>>> print(open('start_19.txt').read())   # compact mmCIF, C-alpha atoms
# COMPACT_ATOMS: atom_id res chain seq x y z
CA MET A 169 -56.54 86.53 -101.33
CA ASP A 170 -52.76 86.52 -101.21
CA HIS A 171 -50.42 86.74 -98.23
CA SER A 172 -50.47 90.55 -98.26
CA PHE A 173 -54.21 90.57 -97.47
CA TRP A 174 -53.71 88.71 -94.19
CA HIS A 175 -50.58 90.63 -93.26
CA GLN A 176 -52.51 93.89 -93.70
CA ILE A 177 -55.40 92.57 -91.61
CA TRP A 178 -53.08 91.82 -88.69
CA GLN A 179 -51.07 95.01 -89.06
CA ALA A 180 -54.29 97.04 -88.94
CA ASN A 181 -55.62 94.91 -86.05
CA GLN A 182 -58.78 94.21 -88.07
CA ILE A 183 -59.23 90.83 -86.41
CA GLY A 184 -62.93 90.62 -85.69
CA PHE A 185 -62.66 86.89 -86.38
CA HIS A 186 -60.56 86.44 -83.23
CA GLN A 187 -62.51 84.97 -80.32
CA PRO A 188 -61.19 86.04 -76.90
CA ASP A 189 -62.95 83.13 -75.20
CA ILE A 190 -62.61 79.38 -75.66
CA ASN A 191 -64.94 78.18 -78.39
CA PRO A 192 -68.03 76.57 -76.81
CA TRP A 193 -68.34 73.89 -79.51
CA LEU A 194 -64.72 72.89 -78.89
CA GLN A 195 -65.50 72.56 -75.19
CA GLY A 196 -68.71 70.66 -75.82
CA TYR A 197 -67.61 68.22 -78.51
CA TRP A 198 -63.86 67.69 -78.22
CA SER A 199 -64.02 64.78 -75.80
CA GLY A 200 -66.29 62.92 -78.21
CA VAL A 201 -63.94 63.59 -81.11
CA ALA A 202 -60.67 62.85 -79.32
CA GLY A 203 -61.89 60.15 -76.92
CA PRO A 204 -59.15 59.12 -74.50
CA ASP A 205 -56.51 59.97 -77.09
CA THR A 206 -54.07 62.73 -76.14
CA GLY A 207 -52.14 62.64 -79.41
CA LYS A 208 -50.92 65.63 -81.38
CA VAL A 209 -53.46 68.15 -82.66
CA LEU A 210 -53.04 70.26 -85.80
CA VAL A 211 -54.77 73.66 -85.81
CA PRO A 212 -54.63 75.23 -89.29
CA LEU A 213 -54.71 79.02 -89.75
CA CYS A 214 -54.88 79.35 -85.99
CA GLY A 215 -54.32 83.09 -85.51
CA LYS A 216 -53.75 83.74 -81.82
CA SER A 217 -56.67 81.61 -80.66
CA ARG A 218 -56.73 80.68 -76.98
CA ASP A 219 -58.26 77.38 -78.07
CA LEU A 220 -54.70 76.12 -78.54
CA TRP A 221 -53.96 76.65 -74.83
CA TRP A 222 -57.18 74.79 -73.96
CA LEU A 223 -56.11 71.78 -76.04
CA HIS A 224 -52.59 71.91 -74.61
CA GLU A 225 -53.93 71.97 -71.05
CA ARG A 226 -55.77 68.73 -71.78
CA GLY A 227 -52.54 66.91 -72.51
CA HIS A 228 -52.30 67.31 -76.27
CA PRO A 229 -49.14 68.34 -78.08
CA VAL A 230 -50.41 71.11 -80.34
CA VAL A 231 -49.13 72.52 -83.64
CA GLY A 232 -50.80 75.65 -84.93
CA VAL A 233 -49.97 76.95 -88.40
CA GLU A 234 -50.31 80.69 -88.95
CA LEU A 235 -49.12 83.11 -91.62
CA SER A 236 -48.81 86.25 -89.50
CA PRO A 237 -45.80 86.75 -87.22
CA ILE A 238 -47.87 89.35 -85.34
CA ALA A 239 -50.40 86.66 -84.42
CA CYS A 240 -47.67 84.26 -83.32
CA THR A 241 -45.92 86.87 -81.20
CA ASP A 242 -49.17 88.09 -79.63
CA PHE A 243 -50.28 84.54 -78.86
CA PHE A 244 -47.44 83.96 -76.44
CA ALA A 245 -47.10 87.55 -75.21
CA GLU A 246 -50.75 87.71 -74.15
CA ALA A 247 -50.22 84.55 -72.10
CA GLY A 248 -47.09 85.98 -70.50
CA GLN A 249 -44.93 83.30 -72.11
CA THR A 250 -41.66 83.46 -74.03
CA PRO A 251 -41.19 80.73 -76.64
CA GLU A 252 -38.01 79.47 -78.20
CA ILE A 253 -37.85 80.58 -81.83
CA ARG A 254 -36.42 78.28 -84.46
CA ALA A 255 -36.31 79.16 -88.16
CA ASP A 256 -35.96 76.89 -91.19
CA THR A 257 -36.56 77.33 -94.91
CA ARG A 258 -40.35 76.95 -94.66
CA PHE A 259 -41.47 78.02 -91.19
CA THR A 260 -40.41 80.04 -88.19
CA ARG A 261 -41.34 77.84 -85.25
CA TYR A 262 -42.36 79.32 -81.90
CA VAL A 263 -41.91 76.51 -79.38
CA LEU A 264 -42.99 76.29 -75.74
CA ASP A 265 -43.14 72.88 -74.10
CA ARG A 266 -45.37 70.78 -76.37
CA LEU A 267 -47.13 73.73 -77.97
CA GLU A 268 -45.76 75.10 -81.24
CA LEU A 269 -46.81 77.80 -83.67
CA TRP A 270 -45.39 77.42 -87.15
CA CYS A 271 -45.32 80.80 -88.85
CA GLY A 272 -45.47 80.52 -92.62
CA ASP A 273 -47.52 79.37 -95.59
CA PHE A 274 -49.90 76.56 -94.65
CA PHE A 275 -49.63 75.18 -98.19
CA ALA A 276 -45.96 74.46 -97.57
CA LEU A 277 -46.88 71.66 -95.15
CA LYS A 278 -45.70 68.17 -96.07
CA ALA A 279 -46.79 64.71 -94.97
CA GLU A 280 -43.72 64.28 -92.80
CA ASP A 281 -44.69 67.42 -90.85
CA VAL A 282 -47.96 65.83 -89.71
CA GLN A 283 -47.08 62.14 -89.63
CA ASP A 284 -47.74 61.99 -85.87
CA VAL A 285 -50.91 64.13 -85.89
CA HIS A 286 -53.99 62.32 -84.58
CA ARG A 287 -56.58 65.10 -84.50
CA VAL A 288 -57.33 68.34 -86.36
CA TYR A 289 -59.28 71.31 -85.04
CA ASP A 290 -60.58 73.75 -87.67
CA ARG A 291 -62.73 76.60 -86.37
CA ALA A 292 -61.70 79.43 -88.67
CA ALA A 293 -59.53 78.04 -91.47
CA LEU A 294 -61.99 76.71 -94.04
CA ILE A 295 -64.34 79.68 -93.73
CA ALA A 296 -61.42 82.11 -94.11
CA LEU A 297 -60.69 80.94 -97.66
CA PRO A 298 -62.42 81.68 -100.98
CA PRO A 299 -63.73 78.69 -102.96
CA ASP A 300 -60.63 77.90 -105.02
CA MET A 301 -58.39 78.05 -101.97
CA ARG A 302 -60.84 75.94 -99.95
CA ARG A 303 -60.41 73.17 -102.50
CA ARG A 304 -56.60 73.44 -102.34
CA TYR A 305 -56.72 73.47 -98.55
CA ALA A 306 -58.95 70.40 -98.27
CA ASP A 307 -57.01 68.52 -100.94
CA LEU A 308 -53.77 69.14 -99.06
CA LEU A 309 -55.19 67.90 -95.76
CA CYS A 310 -56.63 64.82 -97.42
CA ALA A 311 -53.26 64.10 -99.03
CA ILE A 312 -51.01 64.50 -96.00
CA LEU A 313 -53.00 63.52 -92.89
CA PRO A 314 -52.40 60.05 -91.38
CA ALA A 315 -54.93 57.27 -91.68
CA ASP A 316 -56.27 57.48 -88.12
CA THR A 317 -57.02 61.23 -88.12
CA ARG A 318 -60.28 62.72 -86.85
CA MET A 319 -61.23 66.37 -87.29
CA LEU A 320 -63.55 68.73 -85.46
CA LEU A 321 -64.71 71.23 -88.09
CA ILE A 322 -66.79 74.33 -87.40
CA THR A 323 -68.19 76.22 -90.37
CA LEU A 324 -70.52 79.12 -91.08
CA ASP A 325 -73.35 79.17 -93.59
CA HIS A 326 -75.19 82.34 -94.55
CA ASP A 327 -76.97 83.98 -97.47
CA ALA A 328 -75.37 87.41 -97.18
CA ASP A 329 -73.66 88.96 -100.19
CA VAL A 330 -70.14 89.41 -98.82
CA SER A 331 -66.86 89.58 -100.69
CA GLY A 332 -64.53 88.56 -97.89
CA PRO A 333 -64.21 86.25 -94.92
CA PRO A 334 -65.90 84.66 -93.15
CA PHE A 335 -67.20 82.88 -96.24
CA ALA A 336 -70.31 80.73 -96.32
CA VAL A 337 -69.46 77.03 -96.46
CA PRO A 338 -72.65 74.93 -96.59
CA GLU A 339 -72.82 71.31 -95.51
CA GLU A 340 -72.98 70.18 -99.14
CA GLU A 341 -69.59 71.75 -99.82
CA VAL A 342 -68.06 70.17 -96.72
CA ARG A 343 -69.20 66.77 -97.95
CA SER A 344 -67.94 67.48 -101.46
CA LEU A 345 -64.51 68.57 -100.21
CA TYR A 346 -63.94 65.81 -97.67
CA GLY A 347 -66.41 63.03 -98.52
CA PRO A 348 -64.05 61.01 -100.74
CA TYR A 349 -61.59 60.60 -97.85
CA PHE A 350 -63.52 61.18 -94.63
CA ASP A 351 -66.82 60.08 -93.14
CA VAL A 352 -68.62 63.35 -92.42
CA ASP A 353 -71.09 63.51 -89.52
CA THR A 354 -73.05 66.63 -88.59
CA LEU A 355 -73.06 67.22 -84.83
CA ARG A 356 -75.23 70.34 -84.70
CA THR A 357 -76.52 73.39 -86.56
CA THR A 358 -77.14 76.59 -84.59
CA THR A 359 -78.60 79.85 -85.88
CA LEU A 360 -76.62 82.81 -84.60
CA PRO A 361 -78.54 85.14 -82.24
CA GLU A 362 -79.58 88.62 -83.30
CA ASP A 363 -76.91 90.24 -81.12
CA HIS A 364 -74.06 88.24 -82.67
CA PRO A 365 -71.46 90.49 -84.37
CA LEU A 366 -71.85 88.71 -87.72
CA VAL A 367 -75.63 89.16 -87.66
CA GLN A 368 -75.09 92.80 -86.80
CA ARG A 369 -72.92 93.02 -89.93
CA GLY A 370 -75.85 91.89 -92.06
CA MET A 371 -75.60 88.09 -91.97
CA GLN A 372 -79.17 87.50 -90.82
CA GLY A 373 -79.98 83.81 -90.49
CA ALA A 374 -76.30 82.84 -90.35
CA ARG A 375 -75.77 79.33 -89.02
CA GLU A 376 -72.80 77.68 -87.37
CA GLU A 377 -72.42 74.01 -88.24
CA VAL A 378 -70.27 71.54 -86.35
CA PHE A 379 -68.92 68.37 -87.95
CA VAL A 380 -66.73 65.45 -86.98
CA LEU A 381 -64.71 63.97 -89.84
CA THR A 382 -63.25 60.49 -89.51
CA ARG A 383 -60.63 59.30 -91.95
CA GLN A 384 -61.89 56.39 -94.01
CA LYS A 385 -59.92 53.16 -93.67
>>> encode(input="start_19.txt", output="structure tokens")
Amino acid sequence: MDHSFWHQIWQANQIGFHQPDINPWLQGYWSGVAGPDTGKVLVPLCGKSRDLWWLHERGHPVVGVELSPIACTDFFAEAGQTPEIRADTRFTRYVLDRLELWCGDFFALKAEDVQDVHRVYDRAALIALPPDMRRRYADLLCAILPADTRMLLITLDHDADVSGPPFAVPEEEVRSLYGPYFDVDTLRTTTLPEDHPLVQRGMQGAREEVFVLTRQK
């Protein structure tokens, strides 16, 4: 899955992964993950998710990283907002108040970019990547995130034979990817209802799993 795959998805508006509503697990578990902290939140592979506005409204500076300029433009346009646009050699940054979308390759992130990040919210990043890229993605986060970081991670596990995202990421893989650097706690596992779009696509028995990851001292 190279950059062209995702650019084509957005150009064709084939964005069934986009949730128009605020994620219920974010609403239900964020306060327990963040506590009283209102530090900066990193949202990898964020698309145009309204979850970023929800986090911003709760006092967090937010940085979303997204490959598609269509997603970044739509994110602000659909909210009736006009960001300032700043370009550098790695990212085009869409900036409004303390909410920023960095348009570019997530794997170009460096430790200095996230040195003041306190929390990470991953609803759709890990499950969007095939196995080899999931390892690269997790290794990068483990290498660059500060010592006091906590992460709310939402994954999907299923037994369907599918060749593209969303990919199945079982709990065992989450622990393999992050266990050497984070304490991994399972918050809940929920089987998707029969009328869920993914079940309708053939992912019977698909399960959403919610984790909190706490950086080991």
>>> residues_around(input="start_19.txt", residues="segment 218-235 of chain A", least_positions_apart="6", cutoff="7 Å", atoms="all atoms listed in the file", output="PDB file with C-alpha atoms, in the coordinates of the input")
ATOM      1  CA  PRO A 188     -61.190  86.040 -76.900  1.00  0.00           C
ATOM      2  CA  ASP A 189     -62.950  83.130 -75.200  1.00  0.00           C
ATOM      3  CA  ILE A 190     -62.610  79.380 -75.660  1.00  0.00           C
ATOM      4  CA  ASN A 191     -64.940  78.180 -78.390  1.00  0.00           C
ATOM      5  CA  THR A 206     -54.070  62.730 -76.140  1.00  0.00           C
ATOM      6  CA  GLY A 207     -52.140  62.640 -79.410  1.00  0.00           C
ATOM      7  CA  LYS A 208     -50.920  65.630 -81.380  1.00  0.00           C
ATOM      8  CA  VAL A 209     -53.460  68.150 -82.660  1.00  0.00           C
ATOM      9  CA  LEU A 210     -53.040  70.260 -85.800  1.00  0.00           C
ATOM     10  CA  VAL A 211     -54.770  73.660 -85.810  1.00  0.00           C
ATOM     11  CA  PRO A 212     -54.630  75.230 -89.290  1.00  0.00           C
ATOM     12  CA  ARG A 266     -45.370  70.780 -76.370  1.00  0.00           C
ATOM     13  CA  LEU A 267     -47.130  73.730 -77.970  1.00  0.00           C
ATOM     14  CA  GLU A 268     -45.760  75.100 -81.240  1.00  0.00           C
ATOM     15  CA  LEU A 269     -46.810  77.800 -83.670  1.00  0.00           C
ATOM     16  CA  TRP A 270     -45.390  77.420 -87.150  1.00  0.00           C
ATOM     17  CA  CYS A 271     -45.320  80.800 -88.850  1.00  0.00           C
ATOM     18  CA  GLY A 272     -45.470  80.520 -92.620  1.00  0.00           C
ATOM     19  CA  ASP A 273     -47.520  79.370 -95.590  1.00  0.00           C
ATOM     20  CA  PHE A 274     -49.900  76.560 -94.650  1.00  0.00           C
TER      21      PHE A 274
END
>>> residues_around(input="start_19.txt", residues="Arg369 of chain A", least_positions_apart="5", cutoff="12 Å", atoms="only C-alpha atoms", output="PyMOL selection string")
chain A and resi 184+326+328-330+334+362-364+374
>>> atom_distance(input="start_19.txt", atom1="atom CA of Arg302 of chain A", atom2="atom CA of Val282 of chain A")
19.3 Å
>>> residues_around(input="start_19.txt", residues="segment 245-248 of chain A", least_positions_apart="3", cutoff="12 Å", atoms="only C-alpha atoms", output="ChimeraX atom specification")
/A:188,216-218,220-221,238-242,251,262,264
>>> atom_distance(input="start_19.txt", atom1="atom CA of Ala255 of chain A", atom2="atom CA of Ala311 of chain A")
25.1 Å
>>> decode(input="start_19.txt", residues="segment 310-348 of chain A", atoms="N, CA and C atoms", output="mmCIF file, in the first residue's frame")
data_model
loop_
_atom_site.group_PDB
_atom_site.id
_atom_site.type_symbol
_atom_site.label_atom_id
_atom_site.label_comp_id
_atom_site.auth_asym_id
_atom_site.auth_seq_id
_atom_site.Cartn_x
_atom_site.Cartn_y
_atom_site.Cartn_z
ATOM 1 N N CYS A 310 7.057 4.135 19.095
ATOM 2 C CA CYS A 310 7.825 3.747 20.282
ATOM 3 C C CYS A 310 9.151 4.491 20.351
ATOM 4 N N ALA A 311 9.720 4.817 19.195
ATOM 5 C CA ALA A 311 11.020 5.482 19.166
ATOM 6 C C ALA A 311 10.927 6.972 19.451
ATOM 7 N N ILE A 312 9.820 7.620 19.060
ATOM 8 C CA ILE A 312 9.805 9.077 19.120
ATOM 9 C C ILE A 312 8.918 9.661 20.214
ATOM 10 N N LEU A 313 8.003 8.884 20.777
ATOM 11 C CA LEU A 313 7.082 9.459 21.758
ATOM 12 C C LEU A 313 7.773 9.704 23.097
ATOM 13 N N PRO A 314 7.420 10.776 23.796
ATOM 14 C CA PRO A 314 8.012 11.082 25.103
ATOM 15 C C PRO A 314 7.677 10.034 26.162
ATOM 16 N N ALA A 315 8.386 10.113 27.251
ATOM 17 C CA ALA A 315 8.309 9.083 28.290
ATOM 18 C C ALA A 315 6.972 9.047 29.016
ATOM 19 N N ASP A 316 6.234 10.141 29.051
ATOM 20 C CA ASP A 316 4.997 10.177 29.827
ATOM 21 C C ASP A 316 3.749 9.988 28.969
ATOM 22 N N THR A 317 3.903 9.448 27.766
ATOM 23 C CA THR A 317 2.784 9.342 26.827
ATOM 24 C C THR A 317 1.837 8.207 27.204
ATOM 25 N N ARG A 318 0.537 8.478 27.039
ATOM 26 C CA ARG A 318 -0.498 7.434 27.108
ATOM 27 C C ARG A 318 -1.276 7.462 25.796
ATOM 28 N N MET A 319 -1.772 6.301 25.396
ATOM 29 C CA MET A 319 -2.452 6.168 24.111
ATOM 30 C C MET A 319 -3.780 5.453 24.284
ATOM 31 N N LEU A 320 -4.825 6.006 23.658
ATOM 32 C CA LEU A 320 -6.084 5.291 23.516
ATOM 33 C C LEU A 320 -6.080 4.673 22.127
ATOM 34 N N LEU A 321 -6.133 3.357 22.060
ATOM 35 C CA LEU A 321 -6.027 2.610 20.807
ATOM 36 C C LEU A 321 -7.290 1.791 20.602
ATOM 37 N N ILE A 322 -7.898 1.946 19.431
ATOM 38 C CA ILE A 322 -9.091 1.183 19.077
ATOM 39 C C ILE A 322 -8.753 0.340 17.854
ATOM 40 N N THR A 323 -8.951 -0.961 17.971
ATOM 41 C CA THR A 323 -8.618 -1.862 16.873
ATOM 42 C C THR A 323 -9.840 -2.672 16.465
ATOM 43 N N LEU A 324 -9.664 -3.438 15.416
ATOM 44 C CA LEU A 324 -10.706 -4.324 14.903
ATOM 45 C C LEU A 324 -10.095 -5.704 14.723
ATOM 46 N N ASP A 325 -10.825 -6.715 15.156
ATOM 47 C CA ASP A 325 -10.385 -8.095 14.946
ATOM 48 C C ASP A 325 -11.523 -8.846 14.246
ATOM 49 N N HIS A 326 -11.168 -9.595 13.230
ATOM 50 C CA HIS A 326 -12.185 -10.351 12.489
ATOM 51 C C HIS A 326 -11.504 -11.521 11.784
ATOM 52 N N ASP A 327 -12.323 -12.443 11.311
ATOM 53 C CA ASP A 327 -11.815 -13.645 10.643
ATOM 54 C C ASP A 327 -12.082 -13.628 9.144
ATOM 55 N N ALA A 328 -12.552 -12.502 8.632
ATOM 56 C CA ALA A 328 -12.888 -12.425 7.212
ATOM 57 C C ALA A 328 -11.626 -12.424 6.354
ATOM 58 N N ASP A 329 -11.752 -12.970 5.166
ATOM 59 C CA ASP A 329 -10.649 -13.006 4.211
ATOM 60 C C ASP A 329 -10.715 -11.743 3.353
ATOM 61 N N VAL A 330 -10.051 -10.686 3.812
ATOM 62 C CA VAL A 330 -10.068 -9.422 3.086
ATOM 63 C C VAL A 330 -8.640 -9.036 2.737
ATOM 64 N N SER A 331 -8.509 -8.331 1.609
ATOM 65 C CA SER A 331 -7.170 -7.973 1.140
ATOM 66 C C SER A 331 -6.813 -6.518 1.408
ATOM 67 N N GLY A 332 -7.752 -5.772 1.963
ATOM 68 C CA GLY A 332 -7.483 -4.361 2.214
ATOM 69 C C GLY A 332 -8.054 -3.909 3.532
ATOM 70 N N PRO A 333 -7.845 -2.664 3.879
ATOM 71 C CA PRO A 333 -8.292 -2.149 5.166
ATOM 72 C C PRO A 333 -9.829 -2.087 5.239
ATOM 73 N N PRO A 334 -10.350 -2.187 6.490
ATOM 74 C CA PRO A 334 -9.619 -2.303 7.760
ATOM 75 C C PRO A 334 -9.110 -3.721 7.988
ATOM 76 N N PHE A 335 -7.840 -3.808 8.405
ATOM 77 C CA PHE A 335 -7.211 -5.092 8.659
ATOM 78 C C PHE A 335 -7.524 -5.571 10.075
ATOM 79 N N ALA A 336 -7.513 -6.872 10.242
ATOM 80 C CA ALA A 336 -7.672 -7.456 11.574
ATOM 81 C C ALA A 336 -6.370 -7.299 12.356
ATOM 82 N N VAL A 337 -6.481 -6.768 13.563
ATOM 83 C CA VAL A 337 -5.322 -6.627 14.446
ATOM 84 C C VAL A 337 -5.719 -7.204 15.806
ATOM 85 N N PRO A 338 -5.416 -8.473 16.060
ATOM 86 C CA PRO A 338 -5.821 -9.085 17.326
ATOM 87 C C PRO A 338 -5.020 -8.544 18.505
ATOM 88 N N GLU A 339 -5.543 -8.802 19.682
ATOM 89 C CA GLU A 339 -4.889 -8.324 20.908
ATOM 90 C C GLU A 339 -3.447 -8.809 20.994
ATOM 91 N N GLU A 340 -3.196 -10.048 20.579
ATOM 92 C CA GLU A 340 -1.839 -10.587 20.665
ATOM 93 C C GLU A 340 -0.858 -9.744 19.848
ATOM 94 N N GLU A 341 -1.305 -9.249 18.704
ATOM 95 C CA GLU A 341 -0.420 -8.421 17.890
ATOM 96 C C GLU A 341 -0.187 -7.057 18.536
ATOM 97 N N VAL A 342 -1.236 -6.492 19.120
ATOM 98 C CA VAL A 342 -1.070 -5.223 19.827
ATOM 99 C C VAL A 342 -0.004 -5.359 20.909
ATOM 100 N N ARG A 343 -0.074 -6.439 21.664
ATOM 101 C CA ARG A 343 0.897 -6.641 22.743
ATOM 102 C C ARG A 343 2.298 -6.915 22.197
ATOM 103 N N SER A 344 2.378 -7.592 21.059
ATOM 104 C CA SER A 344 3.680 -7.829 20.443
ATOM 105 C C SER A 344 4.298 -6.533 19.938
ATOM 106 N N LEU A 345 3.480 -5.679 19.329
ATOM 107 C CA LEU A 345 3.984 -4.431 18.759
ATOM 108 C C LEU A 345 4.420 -3.449 19.840
ATOM 109 N N TYR A 346 3.607 -3.321 20.891
ATOM 110 C CA TYR A 346 3.825 -2.253 21.859
ATOM 111 C C TYR A 346 4.349 -2.725 23.220
ATOM 112 N N GLY A 347 4.211 -4.027 23.501
ATOM 113 C CA GLY A 347 4.543 -4.537 24.825
ATOM 114 C C GLY A 347 5.942 -4.223 25.334
ATOM 115 N N PRO A 348 6.961 -4.197 24.473
ATOM 116 C CA PRO A 348 8.304 -3.889 24.976
ATOM 117 C C PRO A 348 8.453 -2.471 25.512
#
